[in-house]
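A short worksheet on the structure shown next.
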Amino acid sequence: MEEKRARLFSAVQPSGIPTIANYIGAIKNWVDLQDKYECIYSIADLHTLTVKQVPATLRQRTLELIALYLACGVDPEKSTVFVQSHVPCHAELTWILNTITYPGELARMTQYKDKSRNHADNVNMGLMDYPVLMAADILLYNAEVVPVGKDQKQHLEIARDLAERFNNRYSPTFAVPEGIIPKVGANIMSLQDPAHKMSKSDPNENAFISMNDDRDTIIRKFKRAVTDSESRVAFDENRAGISNLVSIYSVFSGKTFAEIEKQFEGVGYGEFKIEVAEAVASTICPINERKNEYLANKAYLDKIMIEGKERAEYMARKMLAKVYKNVGLYTPERKS
Ligand code: AQP
C-alpha cells in the first residue's frame, strides 16, 4: 500500500512578474518536493488586492504565474495547482480565524509596517489581515510543511499560533505547520539597496531580476548592482551587496561559498558580476521560453486551473465543514 505523504502548501502572489528571489525562496524548491510530499501550490490572487492592482494586469499575471509554475517543472499530475480565489473556503476560514486573532499581533508584523509605509495612501484592513488569510491558506489543507523565504517566517509563526490557539480553544482540528527555509538564498536582497529584500513590486526595476528578463537585461542589471569599495569576492555579513551576489551565484551554480571564494580570488567585482549574470541567465532564459509556450495555450492553462480548483475545493470543503462543526455552527440535515 502506498504510504500516506505529509501535505505541503506554498503560494506566490501574482502581484508582479516573479523575481529570482521568489524563484529561489519558493518555486525552485517546489519541483523536488513533489516526490516527497502531497503538494498543493496556489496562486495567491486574493492577497494581491491588499495593494492597488490594475484589474486587467492582475488577470494577465495570474495566467503568467501558472505558466511559470509549469515551466519551472511543477507537474499538475503530481501536485494540486490552483488559484486561491477559485476556492471560496479561503475567505470563509479567514473569517473564523479573524475571531481568534488580536489586532496587536498583526500590527507588529514587519511586512505590514513596510507596506503601510510604502503604500501610505492605501493602508487597508486587508493589508493588516494578510497573515490571517495566509494562515487560512495553509490550515485549510492541514498542511504540515510550508516552504517559504525568510521574509514569510513571521507570518508562518502566526499560522502556527492560530492553529494552536484554535485547537486549544475548541478541539484538536489543525496540524501545526512547519516551515522549510532554504539554507542558501532564503533572503535575497535588492540589487540597488542590499539592506532591503528583493521584491517583485519594487518600483525600481534595476533592484530585481524578473523571471521575464532577457540575457542582456540580466547582465545590465547585475553590472549596476550596488556593492562596496572593497574588491574581494566573499560572503561577509558586513558587506551585504557582494554577499547577496555570492548567495545568488551559489544557488545558480551549485557551488559552495568556499568554492566561490577560491574560484574568484584576485578577480574584481566587474568580472564576478558577469559570471553571476551568465549563471542566472542560463537557468531562467530557458524557463522563460517554456513559459511563453504555455502562455500561448490559454485553453490548457484554464483546464489546469479548473481541475486544480476541483481537487483543492474537495479537500478545503471537508476541512471547513469540520471547523464549522467544531466552533458550533449548525448544519441542517437533508432528510429526503
Ligand atoms: N527576497 C526574498 N528572498 C527569498 N525569498 C523570497 N520570497 C519573497 N521575497 C523573497 C519568497 O517568495 C515566495 C512568494 O512570495 P509572495 O509573492 O507570496 O509575497 P512576498 O513574500 O511579499 O514577495 P514579494 O516579491 O516581496 O512580493 P510583493 O512585492 O508583492 O510584496 C514566498 O515564499 C516568499 O518567502
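Numbering starts fresh at 1 for the residues of each chain in the C-alpha cells, the chains themselves are lettered A, B, ... in the order given, and ligands are numbered from 1 as they appear.
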List the spatial neighbours of region 23-36 of chain A as a PDB file with C-alpha atoms, in the first residue's frame - criterion: any atom at most 7 Å away, only C-alpha atoms, same-chain residues fewer than 3 positions off excluded.
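Final output, selection_4.pdb:
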```pdb
ATOM      1  CA  THR A  19      11.747  37.724  -9.393  1.00  0.00           C
ATOM      2  CA  ILE A  20      14.657  35.373  -8.913  1.00  0.00           C
ATOM      3  CA  CYS A  39       1.945  19.215  -2.698  1.00  0.00           C
ATOM      4  CA  GLY A  73       8.624  21.904 -13.522  1.00  0.00           C
ATOM      5  CA  VAL A  74       5.547  21.891 -11.301  1.00  0.00           C
ATOM      6  CA  LYS A  78       1.590  15.116  -9.164  1.00  0.00           C
ATOM      7  CA  SER A  79       0.529  18.321  -7.415  1.00  0.00           C
ATOM      8  CA  PRO A 147       8.409  26.116   2.047  1.00  0.00           C
ATOM      9  CA  VAL A 148       8.984  29.896   2.308  1.00  0.00           C
ATOM     10  CA  GLY A 149      11.709  32.523   2.177  1.00  0.00           C
ATOM     11  CA  PRO A 182      16.302  27.236   2.043  1.00  0.00           C
ATOM     12  CA  GLY A 185      19.113  32.284  -0.675  1.00  0.00           C
ATOM     13  CA  ALA A 186      16.339  32.489   1.923  1.00  0.00           C
TER      14      ALA A 186
END
```
Determine, for each residue of region 229-264 of chain A having at least one atom at most 12 Å from an atom of region 196-219 of chain A, the closest pair of atoms and their separation in Å to one decimal, counting only C-alpha atoms; order by chain and ascending number, as a Markdown table.
```
| residue | atom | partner | partner_atom | distance |
| --- | --- | --- | --- | --- |
| A:Ala240 | CA | A:His196 | CA | 9.8 |
| A:Gly241 | CA | A:His196 | CA | 10.4 |
| A:Asn244 | CA | A:Lys197 | CA | 10.1 |
| A:Leu245 | CA | A:Ile209 | CA | 11.9 |
| A:Ile248 | CA | A:Ile209 | CA | 10.9 |
```
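Nearest residue to ligand 1 among A:Phe82, A:Phe257, A:Tyr112, A:Tyr102 is A:Tyr112, counting only C-alpha atoms and all ligand atoms.
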Requested in this report: Would you please extract all strand (DSSP E) residues from region 73-242 of chain A, as assigned by DSSP on the backbone, and give them as a PyMOL selection string?
Outcome: chain A and resi 80-83+145-147+178-180
Selected residues written out with N, CA and C atoms, as a PDB file, in the first residue's frame:
```
ATOM      1  N   THR A  80      -1.422  19.558  -6.743  1.00  0.00           N
ATOM      2  CA  THR A  80      -2.645  20.337  -6.973  1.00  0.00           C
ATOM      3  C   THR A  80      -2.219  21.792  -7.207  1.00  0.00           C
ATOM      4  N   VAL A  81      -2.588  22.314  -8.371  1.00  0.00           N
ATOM      5  CA  VAL A  81      -2.206  23.689  -8.729  1.00  0.00           C
ATOM      6  C   VAL A  81      -3.499  24.469  -8.949  1.00  0.00           C
ATOM      7  N   PHE A  82      -3.691  25.531  -8.176  1.00  0.00           N
ATOM      8  CA  PHE A  82      -4.979  26.236  -8.301  1.00  0.00           C
ATOM      9  C   PHE A  82      -4.836  27.701  -7.898  1.00  0.00           C
ATOM     10  N   VAL A  83      -5.911  28.447  -8.208  1.00  0.00           N
ATOM     11  CA  VAL A  83      -5.939  29.885  -7.904  1.00  0.00           C
ATOM     12  C   VAL A  83      -6.776  30.089  -6.634  1.00  0.00           C
ATOM     13  N   VAL A 145       3.764  21.106   6.140  1.00  0.00           N
ATOM     14  CA  VAL A 145       5.031  21.677   5.677  1.00  0.00           C
ATOM     15  C   VAL A 145       4.758  22.850   4.746  1.00  0.00           C
ATOM     16  N   VAL A 146       5.527  23.949   4.959  1.00  0.00           N
ATOM     17  CA  VAL A 146       5.337  25.150   4.136  1.00  0.00           C
ATOM     18  C   VAL A 146       6.706  25.703   3.732  1.00  0.00           C
ATOM     19  N   PRO A 147       7.127  25.525   2.462  1.00  0.00           N
ATOM     20  CA  PRO A 147       8.409  26.116   2.047  1.00  0.00           C
ATOM     21  C   PRO A 147       8.247  27.616   1.791  1.00  0.00           C
ATOM     22  N   GLU A 178       5.038  23.385   9.791  1.00  0.00           N
ATOM     23  CA  GLU A 178       6.480  23.679   9.942  1.00  0.00           C
ATOM     24  C   GLU A 178       6.965  24.361   8.665  1.00  0.00           C
ATOM     25  N   GLY A 179       7.872  25.322   8.785  1.00  0.00           N
ATOM     26  CA  GLY A 179       8.428  25.976   7.587  1.00  0.00           C
ATOM     27  C   GLY A 179       9.636  25.228   7.056  1.00  0.00           C
ATOM     28  N   ILE A 180       9.821  25.257   5.726  1.00  0.00           N
ATOM     29  CA  ILE A 180      11.103  24.795   5.174  1.00  0.00           C
ATOM     30  C   ILE A 180      11.732  26.038   4.565  1.00  0.00           C
TER      31      ILE A 180
END
```
Requested in this report: Could you tell me, as a VMD selection string, which residues of region 106-172 of chain A DSSP assigns to helix (DSSP H, G or I) when given the backbone?
Outcome: chain A and resid 106 to 107 110 to 118 120 to 122 125 to 139 150 to 169
Query - Nearest residue to ligand 1 from the set A:Pro172, A:Pro76, A:Pro194, A:Gly266 (distances using only C-alpha atoms and all ligand atoms) - result: A:Pro194
Query raised in the report: Leaving out Ala279 (chain A) and any residue of its chain fewer than 3 positions from it, which residues lie within 10 Å of it when counting only C-alpha atoms, given as a VMD selection string?
Result: chain A and resid 248 to 254 273 to 276 282 to 284
Export, as a short mmCIF file (atom, residue, chain, number, x, y, z; two decimals), in the first residue's frame, the selected residues with C-alpha atoms.
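File written: selection_28.cif
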```cif
data_model
loop_
_atom_site.label_atom_id
_atom_site.label_comp_id
_atom_site.auth_asym_id
_atom_site.auth_seq_id
_atom_site.Cartn_x
_atom_site.Cartn_y
_atom_site.Cartn_z
CA ILE A 248 22.68 34.18 -5.86
CA TYR A 249 25.69 32.72 -7.66
CA SER A 250 25.82 29.82 -5.19
CA VAL A 251 22.18 28.92 -5.88
CA PHE A 252 22.50 29.12 -9.67
CA SER A 253 25.94 27.48 -9.98
CA GLY A 254 25.53 24.86 -7.25
CA LYS A 273 29.08 40.21 -11.76
CA ILE A 274 29.20 39.00 -15.37
CA GLU A 275 29.66 35.39 -14.17
CA VAL A 276 26.68 35.75 -11.82
CA SER A 282 21.39 30.18 -18.34
CA THR A 283 18.72 28.96 -15.92
CA ILE A 284 15.95 31.50 -16.29
#
```
Query raised in the report: With only C-alpha atoms and all ligand atoms as the atoms that count, which of A:Phe166, A:Phe222, A:Tyr130, A:Phe235 lies nearest to ligand 1?
Result: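 Using only C-alpha atoms and all ligand atoms, the shortest distance to ligand 1 belongs to A:Tyr130.
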What lies within 12 Å of Gly104 (chain A) using only C-alpha atoms, ignoring chain neighbours under 5 positions off, as a JSON list (two decimals) with C-alpha atoms, in the first residue's frame?
```json
[["chain", "number", "residue", "atom", "x", "y", "z"],
["A", 109, "MET", "CA", 4.34, 42.37, 11.50],
["A", 112, "TYR", "CA", 2.55, 45.29, 7.44],
["A", 128, "MET", "CA", -3.23, 44.08, 8.17],
["A", 129, "ASP", "CA", -5.17, 40.82, 7.79],
["A", 158, "ILE", "CA", 1.13, 33.47, 13.15]]
```
Requested in this report: Write out as a ChimeraX atom specification each polymer residue whose atoms come within 12 Å of Thr57 (chain A), counting only C-alpha atoms; drop sequence neighbours fewer than 4 positions from it.
Outcome: /A:14-17,45,48,52-53,61-65
Keeping only N, CA, C and O atoms, take the residues you just selected and write them out as a compact mmCIF listing (two decimals), in the first residue's frame.
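Final output, again-v6.txt:
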```txt
# COMPACT_ATOMS: atom_id res chain seq x y z
N PRO A 14 0.36 36.90 -7.53
CA PRO A 14 0.57 37.48 -8.87
C PRO A 14 0.59 39.01 -8.80
O PRO A 14 -0.11 39.70 -9.54
N SER A 15 1.43 39.54 -7.90
CA SER A 15 1.47 40.99 -7.67
C SER A 15 2.51 41.66 -8.56
O SER A 15 2.78 42.85 -8.41
N GLY A 16 3.07 40.91 -9.48
CA GLY A 16 4.10 41.44 -10.37
C GLY A 16 4.68 40.22 -11.05
O GLY A 16 4.25 39.09 -10.78
N ILE A 17 5.66 40.43 -11.93
CA ILE A 17 6.33 39.26 -12.51
C ILE A 17 7.28 38.73 -11.44
O ILE A 17 8.07 39.52 -10.89
N ASP A 45 -4.02 35.15 -5.41
CA ASP A 45 -4.52 36.39 -6.03
C ASP A 45 -5.28 37.27 -5.04
O ASP A 45 -5.24 38.50 -5.14
N THR A 48 -3.08 39.75 -3.33
CA THR A 48 -2.56 40.92 -4.08
C THR A 48 -3.46 42.14 -3.91
O THR A 48 -3.01 43.27 -4.08
N LYS A 52 -2.95 48.30 -4.34
CA LYS A 52 -3.73 48.59 -5.55
C LYS A 52 -3.23 47.80 -6.74
O LYS A 52 -2.02 47.72 -6.97
N GLN A 53 -4.16 47.20 -7.49
CA GLN A 53 -3.81 46.45 -8.69
C GLN A 53 -4.60 47.01 -9.86
O GLN A 53 -5.68 47.55 -9.68
N ARG A 61 -1.44 38.51 -15.12
CA ARG A 61 -0.35 37.99 -14.27
C ARG A 61 -0.71 36.65 -13.65
O ARG A 61 0.18 35.83 -13.36
N THR A 62 -1.99 36.43 -13.44
CA THR A 62 -2.43 35.14 -12.89
C THR A 62 -2.12 34.04 -13.90
O THR A 62 -1.57 32.99 -13.56
N LEU A 63 -2.43 34.32 -15.16
CA LEU A 63 -2.12 33.35 -16.22
C LEU A 63 -0.61 33.14 -16.33
O LEU A 63 -0.12 32.02 -16.47
N GLU A 64 0.12 34.27 -16.28
CA GLU A 64 1.59 34.18 -16.41
C GLU A 64 2.18 33.35 -15.28
O GLU A 64 3.13 32.61 -15.47
N LEU A 65 1.58 33.49 -14.09
CA LEU A 65 2.15 32.78 -12.93
C LEU A 65 1.92 31.28 -13.05
O LEU A 65 2.82 30.48 -12.77
```
Query raised in the report: Leaving out Ile96 (chain A) and any residue of its chain fewer than 6 positions from it, which residues lie within 9 Å of it when counting only C-alpha atoms, given as a list in words?
Result: Val323, Tyr324 and Val327 of chain A
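Shortest separation to ligand 1 among A:Arg108, A:Lys153, A:Lys4, A:Lys183 occurs at residue A:Lys153, atoms counted being only C-alpha atoms and all ligand atoms.
Distance check against ligand 1 using only C-alpha atoms and all ligand atoms: of A:Tyr37, A:Phe174, A:Phe272, A:Tyr69, the minimum falls on A:Tyr69.
Nearest to ligand 1 of all the residues A:Ser247, A:Gln263, A:Thr99, A:Gln60 is A:Ser247, counting only C-alpha atoms and all ligand atoms.
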Query raised in the report: CA of Ile287 (chain A) and CA of Leu70 (chain A) are how many Å apart?
Result: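 Computing it gives 9.3 Å between the two atoms.
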Spatial neighbours of Ser171 (chain A), 12 Å, only C-alpha atoms, chain gap at least 6 places, as a compact mmCIF listing (two decimals) with all heavy atoms, in the first residue's frame:
```
# COMPACT_ATOMS: atom_id res chain seq x y z
N ALA A 163 -3.23 28.02 14.70
CA ALA A 163 -3.59 26.60 14.73
C ALA A 163 -3.65 26.12 16.18
O ALA A 163 -4.63 25.47 16.60
CB ALA A 163 -2.58 25.78 13.93
N GLU A 164 -2.63 26.47 16.95
CA GLU A 164 -2.59 26.02 18.35
C GLU A 164 -3.72 26.65 19.16
O GLU A 164 -4.38 25.99 19.96
CB GLU A 164 -1.23 26.35 18.98
CG GLU A 164 -0.19 25.33 18.57
CD GLU A 164 1.24 25.71 18.95
OE1 GLU A 164 1.46 26.83 19.47
OE2 GLU A 164 2.14 24.88 18.71
N ARG A 165 -3.94 27.96 18.92
CA ARG A 165 -4.98 28.66 19.68
C ARG A 165 -6.35 28.04 19.40
O ARG A 165 -7.16 27.84 20.29
CB ARG A 165 -4.97 30.14 19.28
CG ARG A 165 -5.63 31.05 20.27
CD ARG A 165 -5.44 32.51 19.86
NE ARG A 165 -4.04 32.91 19.86
CZ ARG A 165 -3.57 33.97 19.21
NH1 ARG A 165 -4.38 34.74 18.51
NH2 ARG A 165 -2.29 34.28 19.26
N LYS A 322 -15.48 20.64 9.06
CA LYS A 322 -15.01 20.22 10.39
C LYS A 322 -14.85 21.45 11.30
O LYS A 322 -15.24 21.43 12.47
CB LYS A 322 -13.66 19.51 10.18
CG LYS A 322 -13.09 18.85 11.39
CD LYS A 322 -11.90 17.99 10.96
CE LYS A 322 -11.02 17.63 12.11
NZ LYS A 322 -9.76 17.04 11.71
N VAL A 323 -14.31 22.51 10.73
CA VAL A 323 -14.11 23.74 11.51
C VAL A 323 -15.46 24.30 11.96
O VAL A 323 -15.66 24.63 13.14
CB VAL A 323 -13.34 24.79 10.67
CG1 VAL A 323 -13.34 26.15 11.36
CG2 VAL A 323 -11.92 24.32 10.40
N TYR A 324 -16.40 24.39 11.03
CA TYR A 324 -17.72 24.93 11.36
C TYR A 324 -18.37 24.10 12.48
O TYR A 324 -18.97 24.64 13.40
CB TYR A 324 -18.61 24.94 10.12
CG TYR A 324 -18.39 26.14 9.19
CD1 TYR A 324 -17.34 27.03 9.40
CD2 TYR A 324 -19.22 26.38 8.10
CE1 TYR A 324 -17.12 28.11 8.57
CE2 TYR A 324 -19.01 27.47 7.25
CZ TYR A 324 -17.96 28.33 7.50
OH TYR A 324 -17.76 29.40 6.68
N LYS A 325 -18.22 22.79 12.36
CA LYS A 325 -18.81 21.91 13.37
C LYS A 325 -18.12 22.16 14.73
O LYS A 325 -18.79 22.33 15.75
CB LYS A 325 -18.61 20.45 12.94
CG LYS A 325 -19.12 19.42 13.91
CD LYS A 325 -19.15 18.04 13.24
CE LYS A 325 -19.48 16.96 14.24
NZ LYS A 325 -18.29 16.52 14.99
N ASN A 326 -16.80 22.24 14.71
CA ASN A 326 -16.06 22.38 15.97
C ASN A 326 -16.29 23.73 16.66
O ASN A 326 -16.16 23.83 17.87
CB ASN A 326 -14.57 22.12 15.75
CG ASN A 326 -14.30 20.66 15.41
OD1 ASN A 326 -15.22 19.84 15.45
ND2 ASN A 326 -13.07 20.32 15.08
N VAL A 327 -16.63 24.77 15.88
CA VAL A 327 -16.91 26.06 16.55
C VAL A 327 -18.37 26.16 16.95
O VAL A 327 -18.77 27.10 17.65
CB VAL A 327 -16.52 27.30 15.70
CG1 VAL A 327 -15.03 27.34 15.42
CG2 VAL A 327 -17.32 27.40 14.42
N GLY A 328 -19.21 25.22 16.47
CA GLY A 328 -20.61 25.21 16.90
C GLY A 328 -21.59 25.80 15.91
O GLY A 328 -22.72 26.15 16.30
```
